[in-house]
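Shown next: structure_30.tsv, given as TSV, C-alpha atoms.
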```tsv
chain	number	residue	atom	x	y	z
A	1	MET	CA	88.27	99.01	131.41
A	2	ASP	CA	88.62	99.50	135.17
A	3	GLN	CA	91.86	100.78	136.66
A	4	SER	CA	92.96	97.44	138.17
A	5	LYS	CA	92.77	95.69	134.78
A	6	ASN	CA	94.53	98.59	133.10
A	7	ASN	CA	97.37	98.51	135.65
A	8	PHE	CA	97.79	94.77	135.19
A	9	LEU	CA	97.94	94.95	131.40
A	10	ASN	CA	100.46	97.79	131.56
A	11	GLN	CA	102.82	95.34	133.25
A	12	VAL	CA	102.62	92.86	130.38
A	13	SER	CA	105.07	93.38	127.53
A	14	ILE	CA	103.73	93.45	123.99
A	15	GLU	CA	106.27	90.74	123.10
A	16	GLN	CA	104.64	88.37	125.57
A	17	LEU	CA	101.19	89.02	124.15
A	18	MET	CA	102.38	88.46	120.60
A	19	MET	CA	103.68	85.03	121.58
A	20	LEU	CA	100.03	84.00	121.80
A	21	PHE	CA	99.76	84.30	118.03
A	22	ASP	CA	102.23	81.42	117.64
A	23	LEU	CA	99.70	79.24	119.46
A	24	MET	CA	97.36	79.67	116.48
A	25	PRO	CA	98.95	77.21	113.99
A	26	ASP	CA	96.27	77.57	111.32
A	27	THR	CA	95.92	81.38	111.40
A	28	LEU	CA	98.08	83.98	109.68
A	29	CYS	CA	98.76	86.94	111.99
A	30	TRP	CA	100.67	90.08	111.05
A	31	ILE	CA	101.26	93.70	112.02
A	32	LYS	CA	102.22	96.50	109.61
A	33	ASN	CA	103.27	100.10	110.14
A	34	SER	CA	101.67	103.08	108.39
A	35	LYS	CA	103.84	102.44	105.30
A	36	SER	CA	102.44	98.91	104.94
A	37	GLU	CA	105.80	97.50	106.01
A	38	PHE	CA	105.73	94.33	108.11
A	39	VAL	CA	106.85	94.72	111.70
A	40	TYR	CA	105.61	91.34	112.94
A	41	GLY	CA	104.29	88.02	111.71
A	42	ASN	CA	103.58	84.83	113.64
A	43	GLN	CA	105.32	81.55	112.77
A	44	TYR	CA	102.47	80.37	110.56
A	45	PHE	CA	102.63	83.66	108.64
A	46	LEU	CA	106.38	83.25	108.11
A	47	LEU	CA	105.80	79.70	106.87
A	48	HIS	CA	103.13	81.02	104.52
A	49	LEU	CA	105.64	83.50	103.03
A	50	GLY	CA	108.29	80.81	102.70
A	51	VAL	CA	110.78	82.27	105.19
A	52	LYS	CA	112.17	81.02	108.51
A	53	HIS	CA	112.96	84.14	110.50
A	54	LEU	CA	111.05	87.32	111.31
A	55	ARG	CA	114.08	89.41	110.31
A	56	GLN	CA	113.50	88.26	106.71
A	57	VAL	CA	110.10	90.00	106.78
A	58	VAL	CA	110.52	93.12	108.92
A	59	GLY	CA	110.69	96.29	106.82
A	60	LYS	CA	109.39	94.58	103.69
A	61	THR	CA	105.95	94.85	102.08
A	62	ASP	CA	103.51	92.54	100.32
A	63	PHE	CA	105.19	93.45	97.03
A	64	ASP	CA	108.25	91.50	98.22
A	65	PHE	CA	106.27	88.28	98.64
A	66	SER	CA	103.08	88.34	96.57
A	67	PRO	CA	102.23	88.81	92.90
A	68	LYS	CA	101.88	92.48	92.04
A	69	HIS	CA	98.10	92.47	91.61
A	70	ILE	CA	97.53	90.73	94.94
A	71	ALA	CA	100.06	92.89	96.80
A	72	LYS	CA	98.42	96.00	95.38
A	73	GLN	CA	95.05	94.97	96.78
A	74	PHE	CA	96.57	94.30	100.21
A	75	VAL	CA	98.18	97.75	100.32
A	76	VAL	CA	94.95	99.41	99.15
A	77	ASP	CA	93.20	97.59	102.00
A	78	ASP	CA	95.78	98.95	104.46
A	79	GLN	CA	95.06	102.49	103.33
A	80	LYS	CA	91.31	102.00	103.66
A	81	VAL	CA	91.64	100.44	107.11
A	82	MET	CA	93.82	103.31	108.34
A	83	LYS	CA	91.09	105.69	107.19
A	84	GLY	CA	88.50	103.88	109.29
A	85	THR	CA	87.20	100.97	107.19
A	86	SER	CA	87.52	97.68	109.07
A	87	VAL	CA	87.56	94.35	107.23
A	88	ASN	CA	85.67	91.59	109.03
A	89	ASN	CA	85.56	87.96	107.88
A	90	ARG	CA	85.99	88.83	104.23
A	91	LEU	CA	86.97	86.30	101.59
A	92	GLU	CA	90.07	87.26	99.61
A	93	VAL	CA	92.48	85.57	97.25
A	94	ASN	CA	96.04	84.83	98.30
A	95	THR	CA	98.88	82.62	97.10
A	96	LEU	CA	100.38	79.61	98.82
A	97	VAL	CA	104.10	78.85	99.11
A	98	ASP	CA	103.97	76.68	95.98
A	99	GLY	CA	102.47	79.57	94.00
A	100	ASP	CA	98.97	78.10	93.81
A	101	ILE	CA	96.04	80.35	94.66
A	102	ALA	CA	93.71	79.88	97.61
A	103	TRP	CA	90.89	81.73	99.32
A	104	PHE	CA	91.17	83.02	102.87
A	105	ILE	CA	88.76	84.50	105.41
A	106	THR	CA	90.44	87.70	106.59
A	107	SER	CA	89.95	90.46	109.15
A	108	LYS	CA	92.00	93.68	109.28
A	109	HIS	CA	91.87	96.56	111.74
A	110	VAL	CA	93.62	99.83	112.47
A	111	LEU	CA	96.36	100.27	115.08
A	112	THR	CA	96.64	103.50	117.09
A	113	ASN	CA	98.98	104.72	119.82
A	114	ASN	CA	98.02	106.19	123.20
A	115	ASP	CA	97.25	109.53	121.53
A	116	ASP	CA	94.85	107.83	119.07
A	117	THR	CA	97.24	108.53	116.21
A	118	VAL	CA	97.07	105.90	113.47
A	119	ILE	CA	100.35	103.99	113.38
A	120	GLY	CA	99.49	100.93	111.29
A	121	THR	CA	97.26	97.90	110.86
A	122	PHE	CA	97.00	94.31	112.02
A	123	GLY	CA	95.28	91.33	110.51
A	124	LEU	CA	94.23	87.71	110.92
A	125	SER	CA	93.58	85.32	108.05
A	126	LYS	CA	92.60	81.68	107.79
A	127	HIS	CA	92.40	79.37	104.79
A	128	LEU	CA	88.78	78.96	103.71
A	129	ASN	CA	88.92	75.17	103.95
A	130	GLN	CA	90.28	75.38	107.51
A	131	ALA	CA	87.98	78.12	108.78
A	132	GLN	CA	85.25	76.83	111.03
A	133	THR	CA	82.31	79.16	110.66
A	134	SER	CA	78.78	78.30	111.66
A	135	THR	CA	76.94	81.35	110.39
A	136	SER	CA	74.43	80.62	107.66
A	137	SER	CA	75.51	83.70	105.70
A	138	MET	CA	79.10	82.48	105.45
A	139	ASP	CA	77.99	78.94	104.64
A	140	ALA	CA	75.93	80.38	101.82
A	141	VAL	CA	79.10	81.89	100.37
A	142	LYS	CA	81.41	78.93	100.98
A	143	ILE	CA	79.17	76.56	99.03
A	144	PRO	CA	79.17	78.56	95.76
A	145	VAL	CA	82.84	79.56	96.19
A	146	ASN	CA	83.89	75.91	96.38
A	147	PHE	CA	81.61	75.04	93.47
A	148	ILE	CA	83.12	77.79	91.30
A	149	ARG	CA	86.66	76.76	92.21
A	150	GLU	CA	85.91	73.20	91.09
A	151	HIS	CA	83.94	74.04	87.92
A	152	TYR	CA	85.47	77.32	86.69
A	153	SER	CA	86.42	75.73	83.34
A	154	LYS	CA	82.76	75.06	82.53
A	155	LYS	CA	79.84	77.36	81.87
A	156	ILE	CA	78.47	78.62	85.20
A	157	THR	CA	75.37	80.74	85.61
A	158	VAL	CA	74.39	82.87	88.59
A	159	LYS	CA	71.01	81.14	88.57
A	160	GLU	CA	72.75	77.77	88.94
A	161	ILE	CA	74.88	78.75	91.94
A	162	ALA	CA	71.95	80.57	93.57
A	163	HIS	CA	69.91	77.36	93.35
A	164	LEU	CA	72.87	75.39	94.74
A	165	SER	CA	73.04	77.80	97.69
A	166	HIS	CA	69.27	77.71	98.29
A	167	LEU	CA	69.09	81.48	97.74
A	168	SER	CA	67.46	83.83	95.31
A	169	ILE	CA	69.77	85.51	92.82
A	170	SER	CA	69.41	88.86	94.58
A	171	ALA	CA	70.16	87.30	98.00
A	172	LEU	CA	73.22	85.52	96.60
A	173	GLU	CA	74.51	88.76	95.09
A	174	ARG	CA	74.09	90.54	98.43
A	175	ARG	CA	76.07	87.82	100.20
A	176	PHE	CA	78.86	88.00	97.63
A	177	LYS	CA	79.08	91.79	97.90
A	178	LYS	CA	79.15	91.58	101.68
A	179	HIS	CA	81.83	88.90	102.04
A	180	LEU	CA	83.87	89.28	98.86
A	181	GLY	CA	83.17	92.79	97.65
A	182	LEU	CA	82.36	91.25	94.25
A	183	THR	CA	79.34	90.11	92.31
A	184	PRO	CA	79.10	86.36	91.55
A	185	LYS	CA	80.05	87.03	87.91
A	186	GLN	CA	83.08	89.08	88.97
A	187	PHE	CA	84.15	86.31	91.32
A	188	ILE	CA	83.86	83.66	88.60
A	189	ASN	CA	85.94	85.85	86.32
A	190	GLN	CA	88.56	86.39	89.01
A	191	VAL	CA	88.91	82.66	89.73
A	192	ARG	CA	89.33	81.96	86.01
A	193	LEU	CA	91.95	84.66	85.60
A	194	GLU	CA	93.91	83.48	88.62
A	195	GLN	CA	93.93	79.95	87.27
A	196	ALA	CA	94.96	81.20	83.84
A	197	ARG	CA	97.88	83.07	85.37
A	198	ARG	CA	99.04	79.90	87.12
A	199	LEU	CA	98.89	77.91	83.88
A	200	LEU	CA	100.81	80.60	82.00
A	201	ILE	CA	103.63	80.27	84.52
A	202	ASP	CA	103.53	76.54	85.22
A	203	THR	CA	102.96	75.20	81.69
A	204	GLN	CA	103.96	75.83	78.09
A	205	ARG	CA	100.43	75.41	76.74
A	206	PRO	CA	99.37	77.89	74.04
A	207	ILE	CA	97.63	80.96	75.42
A	208	ALA	CA	94.49	80.24	73.41
A	209	GLN	CA	94.32	76.76	74.95
A	210	ILE	CA	94.74	78.18	78.46
A	211	ALA	CA	91.95	80.66	77.79
A	212	HIS	CA	89.65	77.81	76.74
A	213	GLU	CA	90.65	75.58	79.68
A	214	THR	CA	89.83	78.33	82.18
A	215	GLY	CA	86.35	79.00	80.84
A	216	PHE	CA	86.93	81.80	78.32
A	217	VAL	CA	85.29	81.01	74.99
A	218	ASP	CA	86.78	84.05	73.27
A	219	ASN	CA	90.55	84.53	73.28
A	220	SER	CA	90.44	88.29	72.65
A	221	TYR	CA	88.01	88.74	75.56
A	222	PHE	CA	90.34	86.69	77.74
A	223	THR	CA	93.27	88.92	76.80
A	224	ARG	CA	91.31	92.09	77.59
A	225	GLN	CA	90.16	90.77	80.95
A	226	PHE	CA	93.66	89.55	81.82
A	227	MET	CA	95.09	92.97	81.02
A	228	LYS	CA	92.43	94.70	83.09
A	229	TYR	CA	92.96	92.47	86.13
A	230	PHE	CA	96.74	91.96	86.10
A	231	GLU	CA	97.73	95.16	84.25
A	232	GLU	CA	99.81	93.20	81.75
A	233	LEU	CA	99.20	90.97	78.74
A	234	PRO	CA	99.34	87.16	79.01
A	235	THR	CA	102.25	87.14	76.55
A	236	THR	CA	104.14	89.68	78.66
A	237	LEU	CA	103.66	87.68	81.86
A	238	ARG	CA	104.96	84.50	80.22
A	239	LYS	CA	107.99	86.24	78.71
A	240	GLN	CA	108.87	87.86	82.03
A	241	TYR	CA	108.66	84.57	83.85
A	242	ILE	CA	110.77	82.77	81.24
A	243	ASN	CA	113.41	85.51	81.45
A	244	ARG	CA	113.53	85.26	85.25
A	245	THR	CA	114.04	81.49	85.18
A	246	ARG	CA	116.95	81.88	82.76
A	247	VAL	CA	118.83	84.31	84.99
```

Re-express the file's structure as structure tokens.
Amino acid sequence: MDQSKNNFLNQVSIEQLMMLFDLMPDTLCWIKNSKSEFVYGNQYFLLHLGVKHLRQVVGKTDFDFSPKHIAKQFVVDDQKVMKGTSVNNRLEVNTLVDGDIAWFITSKHVLTNNDDTVIGTFGLSKHLNQAQTSTSSMDAVKIPVNFIREHYSKKITVKEIAHLSHLSISALERRFKKHLGLTPKQFINQVRLEQARRLLIDTQRPIAQIAHETGFVDNSYFTRQFMKYFEELPTTLRKQYINRTRV
């Protein structure tokens, strides 16, 4: 950057620049410090969290707003980003204000001060259905992702979604690893588990029925996978939620 541009930008306050993020009504924008505490979020981000004012967010972490397993992944991402791993246009799961799950295209990068000391991270995220991306590689992921979200309760094979995406199985797996960090089978499993968690909270259906409705043919396998992913049993999650609603 030449000196004239540098001098000009030094006259602009960071608060003025951050106001630009409020002109992006369909994009979540946030800044965190090195402790993964929020220091800024645009208006769309605040709406996403279900709050009205920035002061309700500053100093808090993802654990104050998201389910534990999702918050944990966000914080792990922060740590990786601060160590030099950037996240670019990656698909990740998040929750909406009503508690339902959704998939977002997210980018996260490190923040440093004038001495190049790491001081935090910033990120941008857009709902998958709202993201306008023209790259063939992303299109090849969006097609199977939407198919899996619509048909997770049925038997789905990797061969089937590869054919749907006009890719070989190996090419599909490479795309999934690149954009999701998961294999197609892991992604299918994750979608099913997220849906099962929602049903455990939102309904009183028997756990065995929920397992079947979300594509798990074996209840014991469902329980093991649920424990592995959420770090608690389905019965424990339901009891905790019932206890919270009675308080």

Output, as AutoDock Vina command-line options, the centre and edge lengths in Å (one decimal) of the axis-aligned box that contains all listed atoms of range 72-87 of chain A with 5 Å of margin on each side.
```
--center_x 92.8 --center_y 100.0 --center_z 102.3 --size_x 21.2 --size_y 21.4 --size_z 23.9
```

Task: Separation of CA of Lys178 in chain A from CA of Val97 in chain A in Å - done: 28.1 Å

Task: Among listed residues A:Thr214, A:Thr236, A:Ser107, A:Gln186, nearest Thr27 in chain A (using all atoms listed in the file) - done: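 Going through A:Thr214, A:Thr236, A:Ser107, A:Gln186 one by one, the smallest distance to Thr27 in chain A is for A:Ser107.
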
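For the pair CA of Ile31 in chain A and CA of Ile70 in chain A, the separation is 17.7 Å.
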
Open item on the list: What's the separation between CA of Pro206 in chain A and CA of Phe226 in chain A, in Å to one decimal place?
Closed with: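 CA of Phe226 in chain A lies at a distance of 15.1 Å from CA of Pro206 in chain A.
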
Open item on the list: For Ser125 in chain A, find every residue with an atom within 7 Å (counting all atoms listed in the file), except residues of its own chain fewer than 6 positions away, and show them as a PyMOL selection string.
Closed with: chain A and resi 27-29+104-107

TODO: Rank nothing, just name the residue among A:Val158, A:Leu193, A:Leu182, A:Leu111 nearest to Lys228 in chain A, using all atoms listed in the file.
DONE: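 Closest candidate: A:Leu193.
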
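Distance check against Ile188 in chain A using all atoms listed in the file: of A:Gln79, A:Asn88, A:Asn94, A:Asn146, the minimum falls on A:Asn146.
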
TODO: Could you please give me, as a list of chain:residue names, the residues of protein, DNA or RNA lying at most 12 Å from (100.6, 82.7, 70.4) in the coordinate frame of the file, considering all atoms listed in the file?
DONE: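 The residues near that point, listed by chain and number, are A:Leu200, A:Gln204, A:Arg205, A:Pro206, A:Ile207, A:Ala208, A:Gln209, A:Ile210, A:Ala211, A:Asn219, A:Ser220, A:Thr223, A:Leu233, A:Pro234, A:Thr235, A:Thr236, A:Arg238, A:Lys239.
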
Expected file contents, prior selection, C-alpha atoms, as an mmCIF file, keeping the file's coordinate frame:
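Contents of out29.cif, freshly written:
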```cif
data_model
loop_
_atom_site.group_PDB
_atom_site.id
_atom_site.type_symbol
_atom_site.label_atom_id
_atom_site.label_comp_id
_atom_site.auth_asym_id
_atom_site.auth_seq_id
_atom_site.Cartn_x
_atom_site.Cartn_y
_atom_site.Cartn_z
ATOM 1 C CA LEU A 200 100.810 80.600 82.000
ATOM 2 C CA GLN A 204 103.960 75.830 78.090
ATOM 3 C CA ARG A 205 100.430 75.410 76.740
ATOM 4 C CA PRO A 206 99.370 77.890 74.040
ATOM 5 C CA ILE A 207 97.630 80.960 75.420
ATOM 6 C CA ALA A 208 94.490 80.240 73.410
ATOM 7 C CA GLN A 209 94.320 76.760 74.950
ATOM 8 C CA ILE A 210 94.740 78.180 78.460
ATOM 9 C CA ALA A 211 91.950 80.660 77.790
ATOM 10 C CA ASN A 219 90.550 84.530 73.280
ATOM 11 C CA SER A 220 90.440 88.290 72.650
ATOM 12 C CA THR A 223 93.270 88.920 76.800
ATOM 13 C CA LEU A 233 99.200 90.970 78.740
ATOM 14 C CA PRO A 234 99.340 87.160 79.010
ATOM 15 C CA THR A 235 102.250 87.140 76.550
ATOM 16 C CA THR A 236 104.140 89.680 78.660
ATOM 17 C CA ARG A 238 104.960 84.500 80.220
ATOM 18 C CA LYS A 239 107.990 86.240 78.710
#
```

Open item on the list: Just checking: using only C-alpha atoms, which residue out of A:Phe63, A:Asp100, A:His109, A:Asn114 ends up closest to Leu199 in chain A?
Closed with: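 Using only C-alpha atoms, Leu199 in chain A sits closest to A:Asp100.
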
Open item on the list: Please list as a list in words every residue within 8 Å of range 43-48 of chain A, counting only C-alpha atoms and excluding residues in the same chain fewer than 3 positions away.
Closed with: Asp22, Met24, Pro25, Asp26, Thr27, Leu28, Cys29, Trp30, Val51, Lys52, His53, Leu54, Val57, Leu96 and Val97 of chain A

Open item on the list: For a quick check of understanding, using all atoms listed in the file, which of A:Lys159, A:Arg149, A:Lys72, A:Arg192 has the smallest distance to Gln225 in chain A?
Closed with: A:Arg192

- [ ] Compile the contact shell of Ile101 in chain A as JSON, numbers by chain: residues with an atom at most 9 Å away, counting all atoms listed in the file, same-chain residues fewer than 3 positions apart removed.
- [x] {"A": [93, 94, 95, 96, 98, 191, 194, 195, 198]}

TODO: Considering only C-alpha atoms, state which residue in the set A:Ile119, A:Leu49, A:Ile148, A:Val39 is at the smallest distance from Lys83 in chain A.
DONE: A:Ile119
